[in-house]
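Data file: model_16.txt. Format and content: compact mmCIF, C-alpha atoms.
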```txt
# COMPACT_ATOMS: atom_id res chain seq x y z
CA MET A 1 0.00 0.00 0.00
CA SER A 2 1.24 3.49 -0.81
CA ASP A 3 1.77 6.35 1.63
CA PRO A 4 -1.31 8.64 1.27
CA GLN A 5 0.90 11.71 1.89
CA ASN A 6 3.28 11.00 -0.99
CA GLU A 7 1.25 9.14 -3.57
CA GLY A 8 0.81 9.81 -7.26
CA PRO A 9 -2.55 10.18 -9.05
CA VAL A 10 -2.66 6.50 -10.02
CA ASP A 11 -2.13 5.39 -6.42
CA ALA A 12 -4.70 7.90 -5.18
CA LYS A 13 -7.28 6.69 -7.71
CA ALA A 14 -6.69 3.05 -6.75
CA ARG A 15 -6.95 3.91 -3.04
CA ARG A 16 -10.19 5.81 -3.64
CA GLY A 17 -11.60 2.83 -5.54
CA ARG A 18 -10.67 0.45 -2.71
CA ASN A 19 -12.23 2.75 -0.12
CA ILE A 20 -15.48 3.06 -2.08
CA ALA A 21 -15.64 -0.74 -2.51
CA LEU A 22 -15.08 -1.21 1.22
CA ALA A 23 -17.73 1.38 2.08
CA LEU A 24 -20.24 -0.31 -0.24
CA GLY A 25 -19.42 -3.70 1.30
CA LEU A 26 -20.00 -2.38 4.82
CA ALA A 27 -23.22 -0.63 3.75
CA LEU A 28 -24.46 -3.90 2.17
CA PHE A 29 -23.65 -5.78 5.37
CA MET A 30 -25.54 -3.19 7.43
CA ILE A 31 -28.57 -3.44 5.15
CA LEU A 32 -28.43 -7.26 5.33
CA VAL A 33 -28.44 -7.23 9.14
CA PHE A 34 -31.35 -4.76 9.13
CA VAL A 35 -33.39 -6.82 6.63
CA VAL A 36 -32.72 -10.08 8.48
CA THR A 37 -33.82 -8.45 11.73
CA ILE A 38 -37.08 -7.31 10.14
CA VAL A 39 -37.72 -10.73 8.57
CA ARG A 40 -36.97 -12.57 11.83
CA LEU A 41 -39.04 -10.12 13.83
CA GLY A 42 -41.93 -10.45 11.38
CA ALA A 43 -41.79 -14.24 11.59
CA SER A 44 -41.77 -14.17 15.40
CA THR A 45 -44.66 -11.71 15.55
CA GLY A 46 -46.61 -13.78 13.02
CA ASN A 47 -46.08 -16.93 15.06
CA GLY A 48 -46.96 -15.22 18.32
CA MET B 1 4.16 -22.29 1.67
CA THR B 2 3.91 -18.84 0.15
CA MET B 3 7.29 -17.17 -0.31
CA SER B 4 6.24 -13.56 -0.46
CA SER B 5 9.83 -12.34 -0.63
CA ALA B 6 10.43 -14.33 -3.83
CA LEU B 7 7.44 -12.77 -5.55
CA PRO B 8 7.64 -9.57 -7.58
CA THR B 9 7.35 -6.35 -5.64
CA SER B 10 4.15 -4.48 -6.47
CA ARG B 11 4.49 -1.60 -8.93
CA ALA B 12 0.88 -1.07 -9.90
CA PRO B 13 -1.34 -0.17 -6.94
CA ALA B 14 -3.94 -2.71 -5.86
CA ARG B 15 -7.36 -1.90 -7.30
CA TRP B 16 -10.63 -3.17 -5.92
CA GLN B 17 -10.92 -5.38 -8.99
CA ASP B 18 -7.77 -7.21 -7.86
CA PHE B 19 -9.41 -8.07 -4.55
CA LEU B 20 -12.50 -9.22 -6.43
CA GLN B 21 -10.27 -11.45 -8.57
CA LEU B 22 -8.95 -13.07 -5.38
CA LEU B 23 -12.46 -14.44 -4.84
CA LYS B 24 -12.44 -16.31 -8.20
CA PRO B 25 -15.84 -14.99 -9.39
CA ARG B 26 -16.20 -17.66 -12.09
CA VAL B 27 -15.81 -20.49 -9.59
CA MET B 28 -18.12 -18.59 -7.27
CA SER B 29 -20.84 -18.54 -9.94
CA LEU B 30 -20.66 -22.35 -10.26
CA VAL B 31 -20.90 -22.68 -6.49
CA VAL B 32 -23.95 -20.41 -6.48
CA PHE B 33 -25.59 -22.46 -9.24
CA THR B 34 -25.12 -25.82 -7.46
CA ALA B 35 -26.10 -24.36 -4.07
CA ILE B 36 -29.32 -22.93 -5.53
CA THR B 37 -30.04 -26.33 -7.09
CA GLY B 38 -29.62 -28.00 -3.69
CA MET B 39 -31.84 -25.41 -2.05
CA VAL B 40 -34.60 -25.71 -4.67
CA CYS B 41 -34.46 -29.54 -4.77
CA ALA B 42 -35.11 -29.60 -1.02
CA ASP B 43 -38.69 -28.52 -1.86
CA ALA B 44 -38.95 -26.62 1.42
CA ALA B 45 -40.62 -23.31 2.09
CA ILE B 46 -37.80 -20.93 2.91
CA ASN B 47 -38.23 -17.18 3.18
CA PRO B 48 -36.88 -15.86 -0.17
CA ILE B 49 -34.85 -13.14 1.57
CA LEU B 50 -33.24 -15.65 3.92
CA GLY B 51 -32.69 -17.97 0.94
CA ALA B 52 -30.90 -15.18 -0.94
CA ILE B 53 -28.78 -14.39 2.11
CA ALA B 54 -27.87 -18.07 2.44
CA ILE B 55 -26.74 -18.17 -1.20
CA LEU B 56 -24.77 -14.93 -0.69
CA CYS B 57 -23.04 -16.43 2.36
CA ILE B 58 -22.17 -19.61 0.45
CA ALA B 59 -20.80 -17.52 -2.45
CA VAL B 60 -18.72 -15.33 -0.13
CA GLY B 61 -17.49 -18.41 1.73
CA ALA B 62 -16.34 -19.89 -1.59
CA GLY B 63 -14.62 -16.60 -2.41
CA ALA B 64 -12.92 -16.58 0.98
CA SER B 65 -11.47 -20.04 0.46
CA ALA B 66 -10.28 -18.97 -3.01
CA SER B 67 -8.49 -15.99 -1.47
CA LEU B 68 -6.80 -18.25 1.09
CA ASN B 69 -5.81 -20.57 -1.76
CA MET B 70 -4.26 -17.69 -3.73
CA TRP B 71 -2.36 -16.52 -0.65
CA PHE B 72 -0.87 -19.95 0.06
CA ASP B 73 -0.26 -20.99 -3.56
CA ALA B 74 1.33 -17.75 -4.76
CA ASP B 75 4.72 -19.45 -5.20
CA ILE B 76 3.42 -22.19 -7.50
CA ASP B 77 0.93 -19.87 -9.21
CA ALA B 78 3.89 -17.71 -10.26
CA LYS B 79 5.41 -20.67 -12.15
CA MET B 80 2.34 -21.61 -14.19
CA ARG B 81 1.14 -19.78 -17.31
CA ARG B 82 -2.50 -20.28 -16.36
CA THR B 83 -2.11 -18.64 -12.94
CA ARG B 84 0.86 -16.29 -13.03
CA GLY B 85 -1.35 -13.28 -13.82
CA ARG B 86 -3.26 -13.69 -10.53
CA PRO B 87 -3.08 -10.67 -8.18
CA VAL B 88 -0.60 -12.10 -5.64
CA PRO B 89 1.99 -13.71 -7.97
CA ALA B 90 1.73 -10.68 -10.29
CA GLY B 91 2.59 -8.45 -7.32
CA ARG B 92 -0.58 -6.36 -7.41
CA VAL B 93 -1.80 -7.59 -4.00
CA GLN B 94 0.35 -8.46 -0.99
CA GLY B 95 0.05 -12.06 0.25
CA ALA B 96 -0.85 -10.81 3.74
CA ASP B 97 -3.77 -8.84 2.30
CA ALA B 98 -5.11 -11.93 0.49
CA LEU B 99 -4.81 -13.89 3.75
CA THR B 100 -6.63 -11.19 5.71
CA LEU B 101 -9.41 -10.97 3.13
CA GLY B 102 -9.84 -14.76 3.20
CA VAL B 103 -9.98 -15.00 6.99
CA VAL B 104 -12.33 -12.03 7.43
CA LEU B 105 -14.75 -13.20 4.72
CA SER B 106 -14.67 -16.78 6.08
CA LEU B 107 -15.71 -15.56 9.52
CA PHE B 108 -18.34 -13.12 8.21
CA SER B 109 -19.97 -15.61 5.83
CA THR B 110 -20.07 -18.46 8.35
CA MET B 111 -21.33 -16.35 11.25
CA LEU B 112 -23.95 -14.58 9.14
CA LEU B 113 -25.24 -17.89 7.73
CA GLY B 114 -25.43 -19.38 11.22
CA MET B 115 -27.17 -16.42 12.80
CA THR B 116 -29.65 -15.82 9.99
CA VAL B 117 -30.41 -19.28 8.56
CA ASN B 118 -29.21 -22.25 10.64
CA TRP B 119 -26.03 -23.58 12.21
CA LEU B 120 -26.02 -26.87 10.31
CA ALA B 121 -25.59 -24.97 7.04
CA ALA B 122 -23.02 -22.68 8.70
CA GLY B 123 -21.10 -25.66 10.05
CA LEU B 124 -21.03 -27.29 6.62
CA LEU B 125 -19.83 -24.02 5.08
CA ALA B 126 -17.07 -23.69 7.68
CA PHE B 127 -16.04 -27.30 7.02
CA THR B 128 -15.97 -26.66 3.26
CA ILE B 129 -13.77 -23.57 3.63
CA LEU B 130 -11.37 -25.35 6.01
CA PHE B 131 -11.29 -28.46 3.84
CA TYR B 132 -10.44 -26.48 0.70
CA ALA B 133 -7.94 -24.12 2.32
CA VAL B 134 -6.19 -26.50 4.72
CA VAL B 135 -6.72 -30.10 3.57
CA TYR B 136 -6.63 -29.49 -0.19
CA THR B 137 -4.48 -26.37 -0.64
CA MET B 138 -1.95 -26.77 2.16
CA TRP B 139 -1.67 -30.53 2.21
CA LEU B 140 -3.06 -32.65 -0.64
CA LYS B 141 -2.28 -30.41 -3.61
CA ARG B 142 1.47 -30.61 -3.10
CA SER B 143 1.73 -34.13 -1.75
CA THR B 144 -0.37 -36.62 -3.73
CA PRO B 145 -1.72 -37.20 -7.25
CA GLN B 146 -5.04 -37.98 -5.53
CA ASN B 147 -5.21 -34.25 -4.63
CA ILE B 148 -8.17 -33.38 -6.80
CA VAL B 149 -9.99 -36.64 -6.03
CA ILE B 150 -10.13 -36.04 -2.26
CA GLY B 151 -10.05 -32.24 -2.54
CA GLY B 152 -13.03 -32.45 -4.88
CA LEU B 153 -15.22 -32.85 -1.80
CA ALA B 154 -14.96 -29.09 -1.18
CA GLY B 155 -16.40 -28.35 -4.62
CA ALA B 156 -19.09 -30.99 -4.16
CA LEU B 157 -20.53 -29.70 -0.89
CA PRO B 158 -22.35 -26.47 -1.95
CA PRO B 159 -25.62 -28.27 -2.92
CA VAL B 160 -25.58 -29.96 0.49
CA ILE B 161 -25.13 -26.56 2.18
CA GLY B 162 -27.99 -25.16 0.08
CA TRP B 163 -30.20 -28.09 1.06
CA ALA B 164 -29.26 -27.70 4.75
CA ALA B 165 -30.02 -23.98 4.56
CA ALA B 166 -33.52 -24.71 3.24
CA THR B 167 -34.48 -27.54 5.58
CA GLY B 168 -32.00 -27.78 8.44
CA THR B 169 -31.36 -31.40 7.44
CA VAL B 170 -29.17 -33.24 4.92
CA PRO B 171 -30.99 -36.35 3.63
CA LEU B 172 -29.66 -38.95 1.23
CA ASN B 173 -30.75 -37.00 -1.87
CA ALA B 174 -28.59 -34.04 -0.78
CA TRP B 175 -25.55 -36.30 -0.50
CA LEU B 176 -26.44 -37.76 -3.89
CA LEU B 177 -25.93 -34.34 -5.49
CA CYS B 178 -22.63 -34.10 -3.61
CA ALA B 179 -21.59 -37.57 -4.83
CA ILE B 180 -22.33 -36.64 -8.46
CA ILE B 181 -20.01 -33.60 -8.35
CA PHE B 182 -17.42 -35.58 -6.38
CA MET B 183 -17.27 -38.36 -8.98
CA TRP B 184 -17.35 -35.83 -11.84
CA THR B 185 -14.25 -34.01 -10.60
CA PRO B 186 -11.50 -36.57 -11.44
CA PRO B 187 -12.37 -37.12 -15.14
CA HIS B 188 -12.99 -33.37 -15.51
CA PHE B 189 -9.69 -32.19 -14.02
CA TRP B 190 -7.55 -35.02 -15.35
CA ALA B 191 -8.82 -34.33 -18.87
CA LEU B 192 -7.64 -30.73 -18.40
CA SER B 193 -4.34 -31.76 -16.85
CA LEU B 194 -3.57 -34.03 -19.80
CA TYR B 195 -2.96 -30.93 -21.90
CA THR B 196 -1.60 -28.63 -19.19
CA SER B 197 0.68 -31.12 -17.41
CA GLU B 198 3.83 -29.21 -18.40
CA ASP B 199 2.65 -26.30 -16.28
CA TYR B 200 2.01 -28.52 -13.27
CA GLU B 201 5.35 -30.28 -13.73
CA LYS B 202 7.15 -26.92 -13.84
CA ALA B 203 5.47 -25.89 -10.60
CA GLY B 204 6.14 -29.24 -8.92
CA VAL B 205 2.45 -30.03 -8.43
CA PRO B 206 2.01 -33.84 -8.45
CA MET B 207 -0.97 -34.00 -10.79
CA MET B 208 -1.79 -37.49 -12.04
CA PRO B 209 -0.22 -37.16 -15.54
CA VAL B 210 2.98 -35.79 -13.98
CA VAL B 211 3.32 -38.60 -11.42
CA ALA B 212 1.68 -41.65 -13.01
CA GLY B 213 2.01 -40.68 -16.68
CA ALA B 214 -0.55 -39.93 -19.37
CA LYS B 215 -1.45 -43.57 -20.08
CA SER B 216 -2.37 -44.31 -16.48
CA THR B 217 -4.33 -41.03 -16.28
CA ARG B 218 -6.33 -41.91 -19.40
CA LYS B 219 -7.17 -45.31 -17.86
CA GLN B 220 -8.26 -43.71 -14.59
CA ILE B 221 -10.41 -41.19 -16.47
CA LEU B 222 -12.23 -44.12 -18.09
CA ILE B 223 -12.67 -45.94 -14.76
CA TYR B 224 -14.07 -42.85 -13.04
CA SER B 225 -16.34 -42.18 -16.02
CA LEU B 226 -17.72 -45.73 -15.76
CA LEU B 227 -18.56 -45.05 -12.11
CA PHE B 228 -19.76 -41.48 -12.62
CA THR B 229 -22.25 -41.93 -15.46
CA PRO B 230 -24.43 -44.64 -13.81
CA LEU B 231 -24.39 -42.58 -10.60
CA CYS B 232 -25.98 -39.70 -12.52
CA LEU B 233 -29.01 -41.92 -13.23
CA VAL B 234 -29.67 -42.62 -9.55
CA PRO B 235 -31.57 -39.36 -8.73
CA ALA B 236 -34.27 -40.49 -11.17
CA PHE B 237 -34.95 -43.47 -8.85
CA THR B 238 -34.78 -41.70 -5.49
CA GLY B 239 -37.57 -39.20 -6.08
CA LEU B 240 -35.15 -36.38 -6.92
CA GLY B 241 -35.28 -36.35 -10.72
CA GLY B 242 -38.08 -36.86 -13.25
CA LEU B 243 -38.32 -38.30 -16.73
CA THR B 244 -36.59 -35.31 -18.32
CA TYR B 245 -33.71 -35.69 -15.89
CA LEU B 246 -33.47 -39.40 -16.67
CA ALA B 247 -33.34 -38.68 -20.41
CA VAL B 248 -30.67 -35.96 -20.00
CA ALA B 249 -28.60 -38.09 -17.62
CA ALA B 250 -28.78 -41.16 -19.86
CA GLY B 251 -28.15 -39.37 -23.16
CA GLY B 252 -25.41 -37.14 -21.80
CA GLY B 253 -23.87 -40.04 -19.90
CA LEU B 254 -23.61 -42.03 -23.10
CA ILE B 255 -21.79 -39.15 -24.83
CA PHE B 256 -19.57 -38.75 -21.75
CA LEU B 257 -18.60 -42.42 -21.93
CA ILE B 258 -17.88 -42.25 -25.66
CA LEU B 259 -15.62 -39.21 -25.12
CA ALA B 260 -13.88 -40.90 -22.17
CA TRP B 261 -13.31 -43.99 -24.33
CA ARG B 262 -11.80 -41.82 -27.06
CA VAL B 263 -9.45 -40.25 -24.52
CA PHE B 264 -8.50 -43.74 -23.33
CA LYS B 265 -7.69 -44.86 -26.88
CA SER B 266 -5.89 -41.61 -27.76
CA ARG B 267 -2.35 -40.45 -27.06
CA ALA B 268 -3.56 -37.40 -25.16
CA GLY B 269 -0.84 -36.06 -22.91
CA ASP B 270 1.85 -38.31 -24.40
CA ALA B 271 3.87 -35.88 -26.46
CA ALA B 272 3.93 -32.19 -27.17
CA ASP B 273 3.45 -31.01 -30.71
CA PRO B 274 6.33 -28.62 -31.48
CA ARG B 275 4.21 -26.78 -34.07
CA GLN B 276 1.94 -25.42 -31.34
CA ASP B 277 2.93 -22.15 -29.67
CA ASP B 278 2.69 -21.20 -25.99
CA GLY B 279 -0.95 -20.08 -25.63
CA LEU B 280 -2.89 -20.34 -22.39
CA TYR B 281 -4.87 -23.48 -23.17
CA ASP B 282 -2.86 -24.80 -26.07
CA VAL B 283 -4.33 -28.01 -27.23
CA LYS B 284 -1.73 -30.33 -28.59
CA ALA B 285 -2.93 -32.24 -31.62
CA ALA B 286 -2.94 -35.48 -29.65
CA ALA B 287 -4.88 -33.90 -26.78
CA LYS B 288 -7.94 -32.92 -28.78
CA ASP B 289 -9.91 -35.79 -27.30
CA ALA B 290 -9.03 -34.65 -23.78
CA ARG B 291 -10.16 -31.14 -24.60
CA ASN B 292 -13.48 -32.48 -25.90
CA LEU B 293 -14.08 -34.47 -22.72
CA PHE B 294 -13.12 -31.48 -20.56
CA ALA B 295 -15.53 -29.19 -22.39
CA PHE B 296 -18.37 -31.73 -22.43
CA SER B 297 -17.91 -32.52 -18.73
CA ILE B 298 -18.77 -28.90 -17.88
CA LEU B 299 -21.79 -28.94 -20.18
CA TYR B 300 -23.01 -32.29 -18.83
CA LEU B 301 -22.85 -31.29 -15.16
CA THR B 302 -24.53 -27.97 -15.94
CA LEU B 303 -27.32 -29.76 -17.83
CA LEU B 304 -27.86 -32.27 -15.02
CA PHE B 305 -28.23 -29.58 -12.37
CA ALA B 306 -30.20 -27.23 -14.63
CA THR B 307 -32.67 -30.05 -15.38
CA LEU B 308 -33.14 -30.84 -11.70
CA LEU B 309 -33.59 -27.14 -11.00
CA ALA B 310 -36.18 -26.74 -13.77
CA GLU B 311 -38.09 -29.87 -12.75
CA HIS B 312 -38.41 -28.70 -9.16
CA LEU B 313 -39.22 -25.10 -10.06
CA LEU B 314 -41.92 -26.27 -12.49
CA ASP B 315 -43.05 -28.88 -9.96
CA LEU B 316 -42.80 -31.72 -12.48
CA PRO B 317 -43.45 -35.20 -11.06
CA ALA B 318 -40.50 -37.33 -10.02
CA PHE B 319 -39.83 -40.47 -12.04
CA GLY B 320 -39.81 -42.79 -9.05
CA GLY B 321 -38.69 -43.11 -5.49
CA PHE B 322 -37.85 -45.57 -2.78
```

What is this structure when it is put down as C-alpha cells?
Amino acid sequence: MSDPQNEGPVDAKARRGRNIALALGLALFMILVFVVTIVRLGASTGNG
Amino acid sequence: MTMSSALPTSRAPARWQDFLQLLKPRVMSLVVFTAITGMVCADAAINPILGAIAILCIAVGAGASASLNMWFDADIDAKMRRTRGRPVPAGRVQGADALTLGVVLSLFSTMLLGMTVNWLAAGLLAFTILFYAVVYTMWLKRSTPQNIVIGGLAGALPPVIGWAAATGTVPLNAWLLCAIIFMWTPPHFWALSLYTSEDYEKAGVPMMPVVAGAKSTRKQILIYSLLFTPLCLVPAFTGLGGLTYLAVAAGGGLIFLILAWRVFKSRAGDAADPRQDDGLYDVKAAAKDARNLFAFSILYLTLLFATLLAEHLLDLPAFGGF
C-alpha cells in the first residue's frame, strides 16, 4: 500500500476505488443485518 | 508455503478489482448455481430473503477459500502460465492482504449464515472452507496425485449446504448431489491436466499425468467415467429427478462415456506437438480428445443440475422413489 501523503494520481485513484468498494461492502452488510432483523421479527410476531 | 519475498514487488497499486479477482468470481458462480439447485431440490418453504442471504453467504465463503488458496499458492501460481497473472503472484496484491481478506470473509460468511439461517448450514460451510484451504491447498495439492480426487469434496458440498439452509437437514438425496459432483471431478480435471501437465510439472504439483504418466491417467479417467455416469441416473430413482432428468442423464452419460473412451484410446498427454505455440490453453494435436471431454464434462454437469432445477421449479413429477 502506498503512503497517502506521498502518492501519485494513479495510487490515489486506486486507493479511492478500494475505499469506495469497502464502504459499499460495509453498507451492504448493514442493510443485510437490518433486513434479516425485520424478517426474523416479522416471523416471530406472526407466530406469536 | 507462500514465499512472499520471492514474488515480484508491487508496482501497480492494488485496485478493488484485484481483490475481487482473489475471490475467483467464475468459480463462485458455479458454487452459487449448485447451491441454488440444492436449495430448490429440497422442496422446502424458505423465506426468499433468507434464501438469498444463504446463497450470498455460500458464495462469499467460496470466495474466501479462493483468497486463502491464492495466498498460500502464490509461489506455485507464479510458475504456471495459467495462474501467473493472478493478483498475488503478479505483485498487485500483498500475500498478507489476500490472507486477511480470506480469513475475514470466512468468519463473516459463516457467522452470518449461522445467525440468519441455521447452524447446520453454517457448520457445513465452515467445514468446506477449512477443507479447501487446509486439507486441499496446504496438504493434498502438493503431496499426492489424488489431490483433486479427495479435494473435490470441497467443490461438491455447496448443494448440500444449500439443502441444509432450506431444511436444516441433509438427507440422502442431498448427498447424492454431492456424490455426483465428487465423482465428476476426477475425469474433468484429469482431462484438463492431460494438456496442461507441463505447467504442473514446472510448478512441482504432483498431478496425475505428472506422477503416473498420461497412459495411467487416461485409464483412470475411463474408470471414473464408468462409475460417474451410472451414478448420474440414480436421482431419477430416489424421487429427486423426473423423466426429463433421466433422459438428460442417460443421453449425456452415453456421450460422456464415448468421449472418455476416445481419450482412453488416444495419445492425449503423451507428447507435445512442437508446431503449437505457448498459448494459455494450447491443445496439442494429440490432446484434442481430452479437450473435448473437458468441455463436455462442464456442459453435462450444468445440464444435469439445470434439469433438476427446472423440474423442481416447475413442480414436475418425479420419475420414481424408494

Select from chain B every residue with an atom at most 6 Å from any atom of chain A, then for each give the shortest pair of atoms and their distance in Å to one decimal, using only C-alpha atoms, rows by chain and rising number, as CSV.
```
residue,atom,partner,partner_atom,distance
B:Pro13,CA,A:Asp11,CA,5.6
B:Arg15,CA,A:Ala14,CA,5.0
B:Trp16,CA,A:Arg18,CA,4.8
```

Just C-alpha atoms for this one: save the residues we selected as a PDB file, in the coordinates of the input.
```pdb
ATOM      1  CA  PRO B  13      -1.340  -0.170  -6.940  1.00  0.00           C
ATOM      2  CA  ARG B  15      -7.360  -1.900  -7.300  1.00  0.00           C
ATOM      3  CA  TRP B  16     -10.630  -3.170  -5.920  1.00  0.00           C
TER       4      TRP B  16
END
```

List every protein, DNA or RNA residue that has an atom no more than 8 Å from (-15.2, -14.2, -0.6) in the file's coordinate frame, counting all atoms listed in the file, and report them as a list of chain:residue names.
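Taken together, the residues in range are B:Leu22, B:Leu23, B:Ala59, B:Val60, B:Gly61, B:Ala62, B:Gly63, B:Ala64, B:Ser65, B:Ala66, B:Ser67, B:Leu101, B:Gly102, B:Leu105, B:Ser106.
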
Preceding selection exported with C-alpha atoms as a short mmCIF file (atom, residue, chain, number, x, y, z; two decimals), keeping the file's coordinate frame:
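again-v9.cif, freshly written:
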```cif
data_model
loop_
_atom_site.label_atom_id
_atom_site.label_comp_id
_atom_site.auth_asym_id
_atom_site.auth_seq_id
_atom_site.Cartn_x
_atom_site.Cartn_y
_atom_site.Cartn_z
CA LEU B 22 -8.95 -13.07 -5.38
CA LEU B 23 -12.46 -14.44 -4.84
CA ALA B 59 -20.80 -17.52 -2.45
CA VAL B 60 -18.72 -15.33 -0.13
CA GLY B 61 -17.49 -18.41 1.73
CA ALA B 62 -16.34 -19.89 -1.59
CA GLY B 63 -14.62 -16.60 -2.41
CA ALA B 64 -12.92 -16.58 0.98
CA SER B 65 -11.47 -20.04 0.46
CA ALA B 66 -10.28 -18.97 -3.01
CA SER B 67 -8.49 -15.99 -1.47
CA LEU B 101 -9.41 -10.97 3.13
CA GLY B 102 -9.84 -14.76 3.20
CA LEU B 105 -14.75 -13.20 4.72
CA SER B 106 -14.67 -16.78 6.08
#
```

Name the residues within 6 Å of (-9.0, -31.0, -9.0), counting all atoms listed in the file in the file's coordinates, and put them as a VMD selection string.
chain B and resid 148 152 189

File of the preceding selection, C-alpha atoms, as a PDB file, in the frame of the given file:
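The result, stored in again_31.pdb:
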```
ATOM      1  CA  ILE B 148      -8.170 -33.380  -6.800  1.00  0.00           C
ATOM      2  CA  GLY B 152     -13.030 -32.450  -4.880  1.00  0.00           C
ATOM      3  CA  PHE B 189      -9.690 -32.190 -14.020  1.00  0.00           C
TER       4      PHE B 189
END
```

Contacts of range 220-234 of chain B at 10 Å (all atoms listed in the file; same-chain gap of 6+ positions) as a PDB file with C-alpha atoms, keeping the file's coordinate frame:
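The file below, part-v3.pdb, is the result:
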```pdb
ATOM      1  CA  ASN B 173     -30.750 -37.000  -1.870  1.00  0.00           C
ATOM      2  CA  LEU B 176     -26.440 -37.760  -3.890  1.00  0.00           C
ATOM      3  CA  LEU B 177     -25.930 -34.340  -5.490  1.00  0.00           C
ATOM      4  CA  ALA B 179     -21.590 -37.570  -4.830  1.00  0.00           C
ATOM      5  CA  ILE B 180     -22.330 -36.640  -8.460  1.00  0.00           C
ATOM      6  CA  ILE B 181     -20.010 -33.600  -8.350  1.00  0.00           C
ATOM      7  CA  PHE B 182     -17.420 -35.580  -6.380  1.00  0.00           C
ATOM      8  CA  MET B 183     -17.270 -38.360  -8.980  1.00  0.00           C
ATOM      9  CA  TRP B 184     -17.350 -35.830 -11.840  1.00  0.00           C
ATOM     10  CA  THR B 185     -14.250 -34.010 -10.600  1.00  0.00           C
ATOM     11  CA  PRO B 186     -11.500 -36.570 -11.440  1.00  0.00           C
ATOM     12  CA  PRO B 187     -12.370 -37.120 -15.140  1.00  0.00           C
ATOM     13  CA  HIS B 188     -12.990 -33.370 -15.510  1.00  0.00           C
ATOM     14  CA  PHE B 189      -9.690 -32.190 -14.020  1.00  0.00           C
ATOM     15  CA  TRP B 190      -7.550 -35.020 -15.350  1.00  0.00           C
ATOM     16  CA  ALA B 191      -8.820 -34.330 -18.870  1.00  0.00           C
ATOM     17  CA  MET B 208      -1.790 -37.490 -12.040  1.00  0.00           C
ATOM     18  CA  ALA B 214      -0.550 -39.930 -19.370  1.00  0.00           C
ATOM     19  CA  LEU B 240     -35.150 -36.380  -6.920  1.00  0.00           C
ATOM     20  CA  GLY B 241     -35.280 -36.350 -10.720  1.00  0.00           C
ATOM     21  CA  TYR B 245     -33.710 -35.690 -15.890  1.00  0.00           C
ATOM     22  CA  LEU B 246     -33.470 -39.400 -16.670  1.00  0.00           C
ATOM     23  CA  ALA B 247     -33.340 -38.680 -20.410  1.00  0.00           C
ATOM     24  CA  VAL B 248     -30.670 -35.960 -20.000  1.00  0.00           C
ATOM     25  CA  ALA B 249     -28.600 -38.090 -17.620  1.00  0.00           C
ATOM     26  CA  ALA B 250     -28.780 -41.160 -19.860  1.00  0.00           C
ATOM     27  CA  GLY B 252     -25.410 -37.140 -21.800  1.00  0.00           C
ATOM     28  CA  GLY B 253     -23.870 -40.040 -19.900  1.00  0.00           C
ATOM     29  CA  LEU B 254     -23.610 -42.030 -23.100  1.00  0.00           C
ATOM     30  CA  ILE B 255     -21.790 -39.150 -24.830  1.00  0.00           C
ATOM     31  CA  PHE B 256     -19.570 -38.750 -21.750  1.00  0.00           C
ATOM     32  CA  LEU B 257     -18.600 -42.420 -21.930  1.00  0.00           C
ATOM     33  CA  ILE B 258     -17.880 -42.250 -25.660  1.00  0.00           C
ATOM     34  CA  LEU B 259     -15.620 -39.210 -25.120  1.00  0.00           C
ATOM     35  CA  ALA B 260     -13.880 -40.900 -22.170  1.00  0.00           C
ATOM     36  CA  TRP B 261     -13.310 -43.990 -24.330  1.00  0.00           C
ATOM     37  CA  ARG B 262     -11.800 -41.820 -27.060  1.00  0.00           C
ATOM     38  CA  VAL B 263      -9.450 -40.250 -24.520  1.00  0.00           C
ATOM     39  CA  PHE B 264      -8.500 -43.740 -23.330  1.00  0.00           C
ATOM     40  CA  LYS B 265      -7.690 -44.860 -26.880  1.00  0.00           C
ATOM     41  CA  ALA B 290      -9.030 -34.650 -23.780  1.00  0.00           C
ATOM     42  CA  LEU B 293     -14.080 -34.470 -22.720  1.00  0.00           C
ATOM     43  CA  LEU B 301     -22.850 -31.290 -15.160  1.00  0.00           C
ATOM     44  CA  LEU B 304     -27.860 -32.270 -15.020  1.00  0.00           C
ATOM     45  CA  GLY B 321     -38.690 -43.110  -5.490  1.00  0.00           C
TER      46      GLY B 321
END
```

Please, what distance in Å, to one decimal, runs between CA of Leu30 in chain B and CA of Thr302 in chain B?
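Value for the CA of Leu30 in chain B-CA of Thr302 in chain B distance: 8.9 Å.
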
Measuring atom to atom with all atoms listed in the file, identify which of B:Ala166, B:Ala268, B:Leu107, B:Leu99 is nearest to Gly213 in chain B.
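Going through B:Ala166, B:Ala268, B:Leu107, B:Leu99 one by one, the smallest distance to Gly213 in chain B is for B:Ala268.
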
CA of Met28 in chain B sits from CA of Thr128 in chain B at a separation of 13.4 Å
